[in-house]
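Content type compact mmCIF, C-alpha atoms and all ligand atoms, from the file final-v3.txt:
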# COMPACT_ATOMS: atom_id res chain seq x y z
CA MET A 1 -48.65 114.10 -92.70
CA SER A 2 -49.69 111.24 -90.40
CA ASN A 3 -53.34 110.22 -90.06
CA SER A 4 -53.60 111.67 -86.58
CA SER A 5 -52.33 115.10 -87.61
CA ILE A 6 -54.69 115.18 -90.63
CA LEU A 7 -57.61 114.41 -88.33
CA ASP A 8 -56.34 116.97 -85.82
CA GLU A 9 -56.89 119.66 -88.46
CA PHE A 10 -60.63 119.01 -88.18
CA LYS A 11 -60.71 119.11 -84.41
CA THR A 12 -62.64 121.99 -82.95
CA THR A 13 -61.46 123.36 -79.65
CA HIS A 14 -63.37 124.95 -76.82
CA PHE A 15 -61.81 128.25 -77.93
CA ALA A 16 -63.10 127.97 -81.50
CA GLU A 17 -66.55 126.76 -80.44
CA GLU A 18 -67.31 129.60 -78.06
CA LYS A 19 -69.55 132.33 -79.37
CA ILE A 20 -68.00 135.45 -77.94
CA ASP A 21 -70.22 138.51 -77.62
CA PRO A 22 -67.85 141.45 -78.27
CA ASN A 23 -70.51 143.92 -77.18
CA ARG A 24 -70.46 142.56 -73.65
CA LYS A 25 -66.98 143.63 -72.64
CA LEU A 26 -65.29 142.61 -69.41
CA LYS A 27 -63.11 145.11 -67.57
CA VAL A 28 -59.94 143.27 -66.57
CA GLY A 29 -56.89 144.17 -64.47
CA ILE A 30 -53.53 142.52 -63.96
CA ILE A 31 -51.92 142.42 -60.51
CA GLY A 32 -48.17 141.80 -60.77
CA THR A 33 -46.65 142.84 -64.10
CA GLY A 34 -43.64 140.53 -64.16
CA TRP A 35 -42.68 137.64 -66.42
CA ILE A 36 -45.94 135.67 -66.57
CA ALA A 37 -48.08 138.80 -66.93
CA ASP A 38 -46.72 138.98 -70.50
CA ALA A 39 -48.38 135.65 -71.33
CA HIS A 40 -51.65 136.86 -69.79
CA ILE A 41 -51.68 140.10 -71.75
CA VAL A 42 -50.88 138.34 -75.04
CA SER A 43 -53.95 136.15 -74.54
CA TYR A 44 -56.21 138.94 -73.23
CA LYS A 45 -55.36 141.07 -76.26
CA LYS A 46 -56.71 138.33 -78.53
CA GLN A 47 -60.12 138.40 -76.80
CA PRO A 48 -62.69 140.66 -78.49
CA ASP A 49 -64.61 141.16 -75.25
CA VAL A 50 -61.83 142.28 -72.91
CA GLU A 51 -60.79 145.79 -71.99
CA ILE A 52 -57.61 146.01 -69.89
CA VAL A 53 -58.45 148.84 -67.51
CA ALA A 54 -55.83 148.58 -64.75
CA LEU A 55 -52.38 147.28 -63.90
CA ALA A 56 -50.57 147.06 -60.57
CA ASP A 57 -47.06 146.29 -59.42
CA LEU A 58 -45.27 146.93 -56.14
CA ILE A 59 -42.15 148.13 -57.96
CA PRO A 60 -42.56 151.82 -58.88
CA GLY A 61 -42.64 152.32 -62.67
CA LYS A 62 -43.01 148.61 -63.49
CA ALA A 63 -46.75 148.71 -64.25
CA ASP A 64 -46.20 151.89 -66.36
CA ALA A 65 -43.43 150.18 -68.33
CA PHE A 66 -45.74 147.21 -68.90
CA LYS A 67 -48.50 149.56 -70.05
CA ALA A 68 -46.14 151.20 -72.57
CA LYS A 69 -44.70 147.89 -73.78
CA TRP A 70 -48.15 146.47 -74.56
CA ASN A 71 -49.78 149.74 -75.78
CA LEU A 72 -52.47 149.69 -73.09
CA GLU A 73 -53.28 153.40 -73.41
CA GLY A 74 -56.53 153.29 -71.40
CA ALA A 75 -55.14 151.34 -68.45
CA ARG A 76 -54.63 153.04 -65.07
CA THR A 77 -51.61 151.96 -63.03
CA TYR A 78 -51.25 151.32 -59.29
CA LEU A 79 -48.62 150.33 -56.75
CA SER A 80 -50.43 147.33 -55.26
CA GLY A 81 -53.24 144.92 -55.94
CA ASP A 82 -55.26 146.38 -53.07
CA GLU A 83 -54.90 149.93 -54.42
CA LEU A 84 -56.09 148.73 -57.83
CA ILE A 85 -59.16 147.06 -56.33
CA ASP A 86 -59.95 150.14 -54.17
CA HIS A 87 -59.86 152.50 -57.16
CA GLU A 88 -61.61 150.31 -59.74
CA PRO A 89 -65.11 149.69 -58.41
CA ASP A 90 -66.40 148.59 -61.85
CA ILE A 91 -63.71 146.03 -62.59
CA ASP A 92 -65.01 142.54 -63.44
CA ALA A 93 -61.90 140.40 -63.09
CA VAL A 94 -58.20 140.36 -62.30
CA SER A 95 -55.33 138.07 -63.16
CA VAL A 96 -53.17 137.64 -60.06
CA CYS A 97 -49.65 137.23 -61.48
CA THR A 98 -47.67 137.98 -58.34
CA TYR A 99 -44.97 135.73 -56.85
CA ASN A 100 -46.19 132.81 -54.73
CA CYS A 101 -46.02 134.57 -51.34
CA GLN A 102 -48.30 137.29 -52.72
CA HIS A 103 -50.97 134.99 -54.16
CA ALA A 104 -53.28 134.76 -51.16
CA GLU A 105 -53.51 138.39 -50.04
CA PRO A 106 -54.51 140.12 -53.32
CA THR A 107 -56.76 137.20 -54.29
CA ILE A 108 -58.68 137.38 -51.01
CA TYR A 109 -58.87 141.18 -51.26
CA ALA A 110 -60.25 141.00 -54.80
CA LEU A 111 -62.81 138.30 -53.93
CA ASN A 112 -63.89 140.24 -50.83
CA HIS A 113 -64.60 143.18 -53.15
CA GLY A 114 -66.69 141.07 -55.55
CA VAL A 115 -64.03 140.71 -58.26
CA ASN A 116 -63.51 137.44 -60.18
CA VAL A 117 -59.94 136.09 -60.05
CA LEU A 118 -57.68 134.08 -62.32
CA LEU A 119 -54.89 133.12 -59.92
CA GLU A 120 -51.55 131.85 -61.22
CA LYS A 121 -50.23 128.49 -60.04
CA PRO A 122 -49.35 127.25 -57.47
CA MET A 123 -52.55 128.26 -55.66
CA CYS A 124 -50.43 129.74 -52.82
CA VAL A 125 -47.71 128.62 -50.39
CA THR A 126 -49.45 127.04 -47.38
CA LEU A 127 -52.62 125.09 -46.74
CA ASP A 128 -53.78 127.80 -44.31
CA GLU A 129 -53.64 130.34 -47.14
CA ALA A 130 -55.53 127.97 -49.45
CA VAL A 131 -58.27 127.58 -46.84
CA ALA A 132 -58.52 131.38 -46.44
CA ILE A 133 -58.76 131.79 -50.24
CA ARG A 134 -61.50 129.13 -50.47
CA ARG A 135 -63.47 130.82 -47.69
CA ALA A 136 -63.25 134.21 -49.42
CA GLU A 137 -64.28 132.63 -52.71
CA LYS A 138 -67.26 130.91 -51.14
CA ALA A 139 -68.42 134.08 -49.37
CA SER A 140 -68.06 136.13 -52.57
CA GLY A 141 -69.87 133.78 -54.98
CA LYS A 142 -67.36 134.92 -57.63
CA VAL A 143 -65.30 132.82 -60.03
CA LEU A 144 -61.82 131.81 -58.88
CA SER A 145 -59.84 129.71 -61.34
CA ILE A 146 -56.27 128.52 -60.78
CA GLY A 147 -53.84 128.96 -63.68
CA PHE A 148 -53.04 125.36 -64.61
CA GLN A 149 -52.91 125.67 -68.43
CA PRO A 150 -51.78 122.03 -68.93
CA ARG A 151 -55.36 121.11 -68.02
CA PHE A 152 -56.36 122.26 -71.52
CA ASP A 153 -53.82 120.03 -73.28
CA GLU A 154 -55.56 117.25 -75.26
CA ASN A 155 -53.01 114.74 -73.95
CA MET A 156 -53.89 115.60 -70.34
CA LYS A 157 -57.57 115.19 -71.20
CA MET A 158 -56.73 111.81 -72.75
CA ILE A 159 -55.10 110.62 -69.50
CA LYS A 160 -58.32 111.46 -67.68
CA ARG A 161 -60.43 109.75 -70.36
CA ILE A 162 -58.32 106.59 -70.13
CA VAL A 163 -58.75 106.43 -66.35
CA GLU A 164 -62.47 107.21 -66.52
CA SER A 165 -63.06 104.61 -69.25
CA GLY A 166 -62.20 101.86 -66.76
CA THR A 167 -59.45 100.51 -69.05
CA LEU A 168 -57.02 100.50 -66.10
CA GLY A 169 -59.53 99.01 -63.61
CA LYS A 170 -59.14 100.15 -60.02
CA ILE A 171 -56.17 102.48 -59.60
CA TYR A 172 -53.98 101.54 -56.63
CA TYR A 173 -50.53 103.08 -57.19
CA ILE A 174 -49.26 106.21 -58.92
CA GLN A 175 -45.75 107.45 -59.46
CA THR A 176 -45.42 111.01 -60.68
CA GLY A 177 -43.13 113.99 -60.67
CA GLY A 178 -40.56 115.39 -62.98
CA GLY A 179 -37.25 117.04 -63.12
CA ARG A 180 -34.71 119.18 -64.82
CA ARG A 181 -31.02 118.41 -64.85
CA ARG A 182 -30.47 122.15 -64.50
CA GLY A 183 -33.56 124.36 -64.40
CA ILE A 184 -33.69 126.65 -61.37
CA PRO A 185 -35.76 129.61 -62.59
CA THR A 186 -34.04 132.96 -62.14
CA PRO A 187 -35.41 134.74 -65.23
CA PHE A 188 -35.45 138.31 -63.95
CA GLY A 189 -34.19 138.00 -60.40
CA THR A 190 -34.76 135.97 -57.28
CA SER A 191 -38.56 135.96 -56.93
CA PHE A 192 -38.78 132.16 -57.48
CA ILE A 193 -35.90 131.26 -55.15
CA ALA A 194 -36.13 133.64 -52.15
CA LYS A 195 -38.12 132.37 -49.20
CA ASP A 196 -40.08 135.63 -48.75
CA THR A 197 -41.28 135.73 -52.38
CA GLY A 198 -41.26 132.16 -53.74
CA GLY A 199 -42.02 130.53 -50.38
CA ILE A 200 -41.70 127.06 -51.92
CA GLY A 201 -39.37 126.05 -54.77
CA ALA A 202 -39.54 123.18 -57.27
CA LEU A 203 -42.35 121.77 -55.18
CA GLY A 204 -44.70 124.68 -55.92
CA ASP A 205 -43.34 125.76 -59.27
CA ILE A 206 -43.41 122.46 -61.18
CA GLY A 207 -44.45 119.87 -58.58
CA CYS A 208 -47.99 121.22 -58.59
CA TYR A 209 -48.24 120.35 -62.32
CA SER A 210 -47.26 116.70 -61.79
CA LEU A 211 -49.76 116.37 -58.98
CA ASP A 212 -52.52 117.99 -61.03
CA MET A 213 -51.86 115.70 -63.99
CA VAL A 214 -52.60 112.56 -61.99
CA LEU A 215 -55.02 113.84 -59.35
CA ASN A 216 -57.26 115.42 -61.98
CA ALA A 217 -57.26 112.14 -63.92
CA ILE A 218 -58.42 110.14 -60.90
CA GLY A 219 -61.00 112.69 -59.68
CA TYR A 220 -58.96 114.50 -57.02
CA PRO A 221 -59.33 112.14 -54.04
CA LYS A 222 -58.59 113.65 -50.66
CA PRO A 223 -54.99 113.25 -49.42
CA LEU A 224 -54.87 111.57 -46.00
CA THR A 225 -51.23 111.23 -44.91
CA VAL A 226 -47.83 112.21 -46.28
CA THR A 227 -44.17 111.50 -45.67
CA GLY A 228 -42.15 114.33 -47.18
CA TYR A 229 -38.55 115.19 -47.95
CA LYS A 230 -36.99 118.33 -49.38
CA SER A 231 -33.48 119.59 -49.99
CA ALA A 232 -31.57 122.47 -51.58
CA PHE A 233 -28.13 121.14 -52.51
CA PHE A 234 -27.97 122.86 -55.91
CA GLY A 235 -29.65 126.22 -55.32
CA THR A 236 -27.40 127.04 -52.38
CA ASN A 237 -24.21 126.06 -54.23
CA PRO A 238 -22.71 128.94 -56.30
CA LYS A 239 -21.28 126.30 -58.68
CA TYR A 240 -24.78 125.64 -60.03
CA MET A 241 -26.17 129.18 -59.90
CA PRO A 242 -25.72 132.15 -62.26
CA CYS A 243 -23.96 134.13 -59.48
CA LYS A 244 -22.94 133.91 -55.81
CA GLU A 245 -25.69 136.37 -54.79
CA TYR A 246 -28.40 134.05 -56.13
CA ALA A 247 -26.95 131.09 -54.20
CA GLU A 248 -27.00 133.25 -51.05
CA ALA A 249 -30.60 134.31 -51.71
CA PHE A 250 -31.75 130.72 -52.26
CA GLY A 251 -34.23 129.89 -49.48
CA VAL A 252 -36.52 127.23 -50.94
CA ASP A 253 -36.37 123.57 -52.05
CA ASP A 254 -34.75 122.47 -55.34
CA PHE A 255 -35.74 118.83 -54.78
CA ALA A 256 -38.70 117.36 -52.95
CA ALA A 257 -40.32 113.97 -52.60
CA GLY A 258 -43.41 112.60 -50.94
CA PHE A 259 -45.24 109.38 -50.29
CA VAL A 260 -48.93 110.20 -50.03
CA ARG A 261 -51.92 108.06 -49.07
CA LEU A 262 -55.09 109.14 -50.85
CA GLU A 263 -58.71 108.35 -50.08
CA GLY A 264 -59.81 105.20 -51.89
CA GLY A 265 -56.73 103.15 -51.01
CA ILE A 266 -54.45 104.78 -53.59
CA VAL A 267 -50.82 105.61 -52.89
CA LEU A 268 -48.92 108.34 -54.66
CA ASP A 269 -45.15 108.34 -54.93
CA PHE A 270 -43.90 111.75 -56.00
CA ARG A 271 -40.58 113.47 -56.61
CA ILE A 272 -39.69 116.78 -58.25
CA ALA A 273 -36.37 118.48 -59.07
CA TRP A 274 -35.31 121.87 -60.36
CA ALA A 275 -31.78 120.50 -60.55
CA MET A 276 -30.17 117.06 -60.15
CA HIS A 277 -27.45 114.76 -61.44
CA LEU A 278 -29.89 112.69 -63.47
CA ASP A 279 -31.74 112.84 -66.79
CA THR A 280 -35.20 112.25 -65.30
CA PRO A 281 -36.50 111.12 -61.94
CA GLY A 282 -38.87 108.81 -63.85
CA ASP A 283 -41.96 108.68 -66.02
CA THR A 284 -45.41 109.03 -64.55
CA ILE A 285 -47.09 105.67 -64.09
CA ILE A 286 -50.67 104.95 -63.11
CA MET A 287 -51.12 101.30 -62.07
CA GLY A 288 -54.53 99.65 -62.06
CA THR A 289 -56.01 96.19 -61.63
CA GLU A 290 -56.80 95.89 -65.37
CA GLY A 291 -53.97 97.89 -66.89
CA SER A 292 -51.26 100.45 -66.27
CA LEU A 293 -50.45 103.68 -68.07
CA ARG A 294 -46.93 105.00 -68.66
CA ILE A 295 -46.70 108.75 -69.41
CA PRO A 296 -43.20 109.69 -70.59
CA SER A 297 -41.52 112.52 -68.74
CA THR A 298 -39.92 115.50 -70.45
CA ASP A 299 -36.29 116.63 -70.15
CA CYS A 300 -37.23 119.96 -68.67
CA TRP A 301 -40.39 119.32 -66.70
CA ASN A 302 -43.07 121.94 -67.29
CA GLY A 303 -46.26 119.92 -67.04
CA SER A 304 -46.51 118.47 -70.53
CA VAL A 305 -46.66 114.88 -71.77
CA GLY A 306 -43.21 113.90 -73.06
CA GLY A 307 -44.22 111.47 -75.81
CA ALA A 308 -46.61 108.74 -76.83
CA MET A 309 -48.15 107.05 -73.81
CA THR A 310 -48.41 103.27 -73.36
CA ILE A 311 -51.15 101.19 -71.79
CA TYR A 312 -49.96 97.77 -70.56
CA HIS A 313 -52.83 95.29 -70.35
CA ASP A 314 -53.92 91.72 -71.18
CA LEU A 315 -55.87 91.03 -74.34
CA CYS A 316 -57.56 87.62 -74.67
CA GLY A 317 -55.14 86.25 -72.11
CA THR A 318 -52.05 87.74 -73.76
CA GLN A 319 -49.92 90.51 -72.28
CA THR A 320 -49.97 93.41 -74.72
CA GLN A 321 -49.30 97.13 -75.06
CA THR A 322 -51.39 99.86 -76.66
CA THR A 323 -49.68 103.05 -77.79
CA VAL A 324 -51.59 106.30 -77.29
CA PRO A 325 -50.16 108.81 -79.80
CA ILE A 326 -49.49 112.41 -78.89
CA LEU A 327 -52.50 114.61 -79.67
CA ARG A 328 -52.31 118.16 -80.95
CA THR A 329 -54.33 120.70 -78.97
CA GLY A 330 -55.09 123.10 -81.82
CA ALA A 331 -55.01 126.27 -79.73
CA ASP A 332 -52.53 127.92 -77.41
CA LEU A 333 -52.92 126.58 -73.86
CA PHE A 334 -52.68 130.05 -72.36
CA ASP A 335 -55.44 131.29 -74.69
CA LEU A 336 -57.63 128.39 -73.57
CA LYS A 337 -56.88 129.12 -69.91
CA ILE A 338 -57.79 132.80 -70.27
CA ARG A 339 -60.86 132.18 -72.46
CA SER A 340 -62.28 129.47 -70.21
CA PHE A 341 -61.97 131.83 -67.24
CA LEU A 342 -63.69 134.68 -69.12
CA ASP A 343 -66.49 132.35 -70.24
CA ALA A 344 -67.06 131.21 -66.65
CA VAL A 345 -67.22 134.86 -65.51
CA LYS A 346 -69.67 135.79 -68.26
CA LYS A 347 -71.93 132.82 -67.66
CA GLY A 348 -71.51 132.70 -63.88
CA ALA A 349 -70.42 129.11 -64.51
CA PRO A 350 -68.12 126.98 -62.35
CA ALA A 351 -64.41 127.75 -62.52
CA PRO A 352 -62.57 125.72 -65.19
CA VAL A 353 -59.82 124.83 -62.69
CA PRO A 354 -61.62 124.97 -59.35
CA SER A 355 -59.96 125.69 -56.03
CA SER A 356 -62.11 122.92 -54.49
CA GLN A 357 -59.73 120.52 -56.28
CA ILE A 358 -56.51 122.50 -56.13
CA ILE A 359 -56.76 122.83 -52.35
CA TYR A 360 -55.90 119.07 -52.24
CA ASN A 361 -52.87 119.75 -54.44
CA GLN A 362 -51.85 122.53 -52.04
CA ALA A 363 -52.48 120.27 -49.03
CA ILE A 364 -49.94 117.78 -50.42
CA LEU A 365 -47.31 120.49 -51.04
CA ASP A 366 -47.91 121.84 -47.54
CA GLY A 367 -47.85 118.33 -46.06
CA ILE A 368 -44.51 117.52 -47.73
CA CYS A 369 -42.99 120.69 -46.23
CA ARG A 370 -44.36 120.03 -42.75
CA SER A 371 -43.42 116.34 -42.76
CA ALA A 372 -39.92 117.16 -44.03
CA GLU A 373 -39.45 119.65 -41.22
CA LEU A 374 -40.78 117.23 -38.56
CA GLY A 375 -38.93 114.21 -39.98
CA HIS A 376 -41.89 111.83 -39.89
CA GLU A 377 -45.22 111.03 -41.56
CA ILE A 378 -48.09 113.39 -40.83
CA GLU A 379 -51.86 113.36 -41.23
CA ILE A 380 -53.31 115.93 -43.59
CA GLU A 381 -56.18 117.81 -42.01
CA ILE A 382 -58.22 120.14 -44.19
CA PRO A 383 -60.71 122.27 -42.24
CA GLU A 384 -64.35 122.46 -43.34
CA ILE A 385 -64.95 125.40 -45.64
N1 LIG B 401 -48.58 129.25 -65.64
C1 LIG B 401 -47.31 129.32 -66.00
O1 LIG B 401 -46.88 128.73 -66.97
C2 LIG B 401 -46.38 130.14 -65.17
C3 LIG B 401 -45.11 130.44 -65.67
C4 LIG B 401 -44.27 131.26 -64.91
C5 LIG B 401 -44.70 131.74 -63.68
N2 LIG B 401 -45.93 131.40 -63.21
C6 LIG B 401 -46.39 131.85 -61.88
O2 LIG B 401 -46.67 133.24 -61.96
C7 LIG B 401 -46.33 133.88 -60.73
C8 LIG B 401 -45.45 135.08 -61.04
O3 LIG B 401 -44.28 134.65 -61.68
P1 LIG B 401 -43.36 135.68 -62.47
O4 LIG B 401 -42.31 134.89 -63.12
O5 LIG B 401 -44.20 136.58 -63.31
O6 LIG B 401 -42.74 136.51 -61.24
P2 LIG B 401 -42.09 137.97 -61.30
O7 LIG B 401 -41.28 138.09 -60.09
O8 LIG B 401 -41.44 138.19 -62.65
O9 LIG B 401 -43.35 138.94 -61.24
C9 LIG B 401 -44.17 139.07 -60.12
C10 LIG B 401 -44.49 140.54 -59.96
O10 LIG B 401 -45.51 140.70 -58.99
C11 LIG B 401 -45.27 141.92 -58.29
N3 LIG B 401 -46.05 141.88 -57.04
C12 LIG B 401 -45.86 141.08 -55.96
N4 LIG B 401 -46.82 141.30 -55.05
C13 LIG B 401 -47.63 142.25 -55.55
C14 LIG B 401 -48.82 142.88 -55.08
N5 LIG B 401 -49.37 142.56 -53.90
N6 LIG B 401 -49.41 143.82 -55.87
C15 LIG B 401 -48.88 144.14 -57.06
N7 LIG B 401 -47.76 143.57 -57.57
C16 LIG B 401 -47.15 142.63 -56.82
C17 LIG B 401 -43.78 141.95 -58.13
O11 LIG B 401 -43.30 143.24 -57.87
C18 LIG B 401 -43.32 141.40 -59.49
O12 LIG B 401 -43.08 142.44 -60.41
C19 LIG B 401 -45.63 132.82 -59.86
O13 LIG B 401 -46.51 132.37 -58.87
C20 LIG B 401 -45.31 131.69 -60.83
O14 LIG B 401 -45.40 130.40 -60.24
C21 LIG B 401 -46.78 130.63 -63.94

Reformat the file's structure so that it appears as C-alpha cells.
Amino acid sequence: MSNSSILDEFKTTHFAEEKIDPNRKLKVGIIGTGWIADAHIVSYKKQPDVEIVALADLIPGKADAFKAKWNLEGARTYLSGDELIDHEPDIDAVSVCTYNCQHAEPTIYALNHGVNVLLEKPMCVTLDEAVAIRRAEKASGKVLSIGFQPRFDENMKMIKRIVESGTLGKIYYIQTGGGRRRGIPTPFGTSFIAKDTGGIGALGDIGCYSLDMVLNAIGYPKPLTVTGYKSAFFGTNPKYMPCKEYAEAFGVDDFAAGFVRLEGGIVLDFRIAWAMHLDTPGDTIIMGTEGSLRIPSTDCWNGSVGGAMTIYHDLCGTQTQTTVPILRTGADLFDLKIRSFLDAVKKGAPAPVPSSQIIYNQAILDGICRSAELGHEIEIEIPEI
C-alpha cells in the first residue's frame, strides 16, 4: 500500500463526522422514478433519519414498481410532482430526478409550497428557467441544492485548494471540457436525447460538470460574453446509434464548444462531446501567472479527475513540475451529496451546491446555445434576483 492510501485510511469525511439524530426524521419524496432515482434511494436508505413517504412519476405504474423494487412499503405514489406536493403537506424535502425539461416546474412548485429540494444536474435547460427557480428559492427561504456529486470528490476539493493557495498566481486562461468517443446516453429510452425531455444534450449532461470543476475552483466569477457552437453529427446518424428510431428522435447537441469571457479578465475555452472521432478533446488546464495546473481527462467523461495532476511552476529560478497524487474520497459521492443536503435542511444551513453559483453554469450553457443559433458572440445578461 502506498503512503497516500495508508494515510487515506485515517481521513475522516464529512459523512463520518456528522452526528445524525435518528429521532429527528425527515419526510422525503422522490419526483421522477427513473434511472438516477435508484442512486438517490440507495443513499437515502442508508440515512437513519430519513423516511421515504412519497414517490411520483408521470408514467402510470412506474412509481409503484419503484416502490416494490426498493421495499418502500409506507410510501404513497402519485402521477406527477405537483400531485405529490399537493397531497403531502408534511413533507420536508424532495429529490427532483426528472429529465432536464421537467427540472424547473416541479422544483418551483415544491419551493412555492415550502418544500426543500435536491435538484439533479443540470440545474435546468434555459437561463430563464434558472432565474425562475432562483426567485422561487429566494421567496421560499428553503434549501435548494443542485446534484453535482463531483463537488464532494477530494480531488475536486484539491483543485480548489491549489487555486485558493495562490500557487498558480492570477488565473487568466482555462481550458476545460471532456468527451467520450462513443457515449450518447440512451439507458432506458430517449429521455436524454429528445428535445422535449432532454432539452440540451452533452452540453447539459456532462458539460455542466466540466464547467463546475473549474468555476467552483476559481470562485464562480460571472460570465460576461460567449461564442458558442453545437452540432449533432453522431446522434442523428443511425450508424452510431443503437437503432434508427433513436437517431430519428435525436434533437439535442452531441458536441458543443464555447469561448467565454469571465469577470476578472479570465477566458474559458470549453468543449464537450458525447461522441467523436477522438480519444479526448483535451485535459483541463488552469493557467496562472505563477503556475499552471494540468488535470488529466478521463476516457468517458463523467466529471472525475482522470489521474495525478501536475503543477508547472518555477522553483528558485528553475522550471519544475509538482505531481499531485490522486486522493481517495473515503465515502460514496452520492451518499455525501444526499447527506450534505439533509444536513443543510436540518440545520437551515446554506445549500452545499448553491443555485447562486450554478446559475452562472446554466448561463454559459444557455449562452452557448443562443450564440450557436445566432452565429455570433453574445453578451450574457443575468437579471437581478
Ligand atoms: N448526478 C448524476 O450522476 C446523474 C446521472 C444520471 C442522470 N442524472 C440526471 O437525472 C435526471 C434524470 O435522469 P434519468 O436518467 O433518471 O432519466 P429517466 O428518463 O430515466 O427518468 C426520469 C423520470 O422522470 C419522470 N418525470 C418527468 N417529469 C415528471 C414530473 N413532472 N413528475 C413526475 N415524474 C416525472 C419520467 O416519467 C421518468 O420516469 C436528468 O436530469 C439527468 O441529467 C444525473

Inset, instruction - Kindly indicate which residue among A:Val94, A:Ile286, A:Leu79, A:Ala247 lies nearest to Ala217 in chain A, using all atoms listed in the file for the distances. - result: A:Ile286

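For Glu245 in chain A, the list of residues within 10 Å, based on only C-alpha atoms and with local chain neighbours fewer than 5 positions off taken out, reads Thr190, Thr236, Pro238 and Phe250 of chain A.
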
Box dimensions and centre (Å, one decimal) enclosing ligand LIG 401 (chain B), axis-aligned, 4 Å extra per side, as JSON:
{"center_x": -45.3, "center_y": 136.4, "center_z": -60.4, "size_x": 16.1, "size_y": 23.4, "size_z": 21.1}

Can you list every residue of range 218-332 of chain A that has an atom at most 8 Å from range 350-368 of chain A, with its nearest atom pair and the distance in Å to one decimal, using all atoms listed in the file, ordered by chain then number, as JSON lines?
{"residue": "A:Tyr220", "atom": "CA", "partner": "A:Gln357", "partner_atom": "CA", "distance": 6.1}
{"residue": "A:Pro221", "atom": "CA", "partner": "A:Tyr360", "partner_atom": "CA", "distance": 7.9}
{"residue": "A:Lys222", "atom": "CA", "partner": "A:Tyr360", "partner_atom": "CA", "distance": 6.3}
{"residue": "A:Pro223", "atom": "CA", "partner": "A:Tyr360", "partner_atom": "CA", "distance": 6.5}
{"residue": "A:Thr225", "atom": "CA", "partner": "A:Gly367", "partner_atom": "CA", "distance": 7.9}
{"residue": "A:Val226", "atom": "CA", "partner": "A:Gly367", "partner_atom": "CA", "distance": 6.1}
{"residue": "A:Thr227", "atom": "CA", "partner": "A:Ile368", "partner_atom": "CA", "distance": 6.4}
{"residue": "A:Gly228", "atom": "CA", "partner": "A:Ile368", "partner_atom": "CA", "distance": 4.0}
{"residue": "A:Tyr229", "atom": "CA", "partner": "A:Ile368", "partner_atom": "CA", "distance": 6.4}
{"residue": "A:Lys230", "atom": "CA", "partner": "A:Ile368", "partner_atom": "CA", "distance": 7.7}
{"residue": "A:Ala256", "atom": "CA", "partner": "A:Ile368", "partner_atom": "CA", "distance": 7.8}
{"residue": "A:Ala257", "atom": "CA", "partner": "A:Ile368", "partner_atom": "CA", "distance": 7.3}
{"residue": "A:Gly258", "atom": "CA", "partner": "A:Ile368", "partner_atom": "CA", "distance": 6.0}
{"residue": "A:Val260", "atom": "CA", "partner": "A:Ile364", "partner_atom": "CA", "distance": 7.7}

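Residues in contact range of Gly288 in chain A, defined as at most 10 Å between only C-alpha atoms, with sequence neighbours fewer than 3 positions away removed, read A:Val163, A:Gly166, A:Thr167, A:Leu168, A:Gly169, A:Lys170, A:Ile171, A:Tyr172, A:Tyr173, A:Ile174, A:Ile266, A:Ile285, A:Gly291, A:Ser292, A:Leu293, A:Tyr312, A:His313.
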
Legend entry - Counting all atoms listed in the file, the residue of A:Phe341, A:Phe233, A:Trp274, A:Tyr209 that sits nearest ligand LIG 401 (chain B): A:Tyr209

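Distance annotation: of A:Gly34, A:Gly198, A:Pro89, A:Gly29, the residue with the minimal separation from ligand LIG 401 (chain B) is A:Gly34; atom set is all atoms listed in the file.
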
Inset, instruction - Record the distance separating CA of Phe148 in chain A and CA of Met123 in chain A, expressed in Å with one decimal. - result: 9.4 Å

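Of the residues under consideration (A:Thr186, A:Ser43, A:Thr176, A:Asn71), A:Thr186 shows the shortest atom-to-atom contact distance to ligand LIG 401 (chain B) when counting only C-alpha atoms and all ligand atoms.
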
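For the residues A:Leu333, A:Met156, A:Leu315, A:Ile184, ranking by smallest atom-to-atom distance to Leu203 in chain A using only C-alpha atoms places A:Ile184 first.
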
Take the point (-65.1, 127.8, -48.0) in the file's coordinates, draw a sphere of radius 12 Å around it, and report as a compact mmCIF listing (two decimals) with C-alpha atoms, in the coordinates of the input every protein, DNA or RNA residue with an atom inside or on it, counting only C-alpha atoms.
# COMPACT_ATOMS: atom_id res chain seq x y z
CA ILE A 108 -58.68 137.38 -51.01
CA ASP A 128 -53.78 127.80 -44.31
CA GLU A 129 -53.64 130.34 -47.14
CA ALA A 130 -55.53 127.97 -49.45
CA VAL A 131 -58.27 127.58 -46.84
CA ALA A 132 -58.52 131.38 -46.44
CA ILE A 133 -58.76 131.79 -50.24
CA ARG A 134 -61.50 129.13 -50.47
CA ARG A 135 -63.47 130.82 -47.69
CA ALA A 136 -63.25 134.21 -49.42
CA GLU A 137 -64.28 132.63 -52.71
CA LYS A 138 -67.26 130.91 -51.14
CA ALA A 139 -68.42 134.08 -49.37
CA SER A 140 -68.06 136.13 -52.57
CA GLY A 141 -69.87 133.78 -54.98
CA SER A 355 -59.96 125.69 -56.03
CA SER A 356 -62.11 122.92 -54.49
CA ILE A 359 -56.76 122.83 -52.35
CA ILE A 382 -58.22 120.14 -44.19
CA PRO A 383 -60.71 122.27 -42.24
CA GLU A 384 -64.35 122.46 -43.34
CA ILE A 385 -64.95 125.40 -45.64

Non-local contacts of Lys19 in chain A (12 Å; all atoms listed in the file; under 5 positions in same chain excluded) as a short mmCIF file (atom, residue, chain, number, x, y, z; two decimals) with C-alpha atoms, keeping the file's coordinate frame:
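As written to disk, part_17.cif reads:
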data_model
loop_
_atom_site.label_atom_id
_atom_site.label_comp_id
_atom_site.auth_asym_id
_atom_site.auth_seq_id
_atom_site.Cartn_x
_atom_site.Cartn_y
_atom_site.Cartn_z
CA HIS A 14 -63.37 124.95 -76.82
CA ARG A 24 -70.46 142.56 -73.65
CA GLN A 47 -60.12 138.40 -76.80
CA PRO A 48 -62.69 140.66 -78.49
CA ASP A 49 -64.61 141.16 -75.25
CA ARG A 339 -60.86 132.18 -72.46
CA ASP A 343 -66.49 132.35 -70.24
CA LYS A 346 -69.67 135.79 -68.26
CA LYS A 347 -71.93 132.82 -67.66
#

Inset, instruction - Give as a VMD selection string every residue, naming chains and numbers as the document does, that has an atom within 12 Å of (-58.8, 131.6, -73.6), counting only C-alpha atoms. - result: chain A and resid 13 to 18 20 39 to 50 118 147 149 152 331 to 344 352
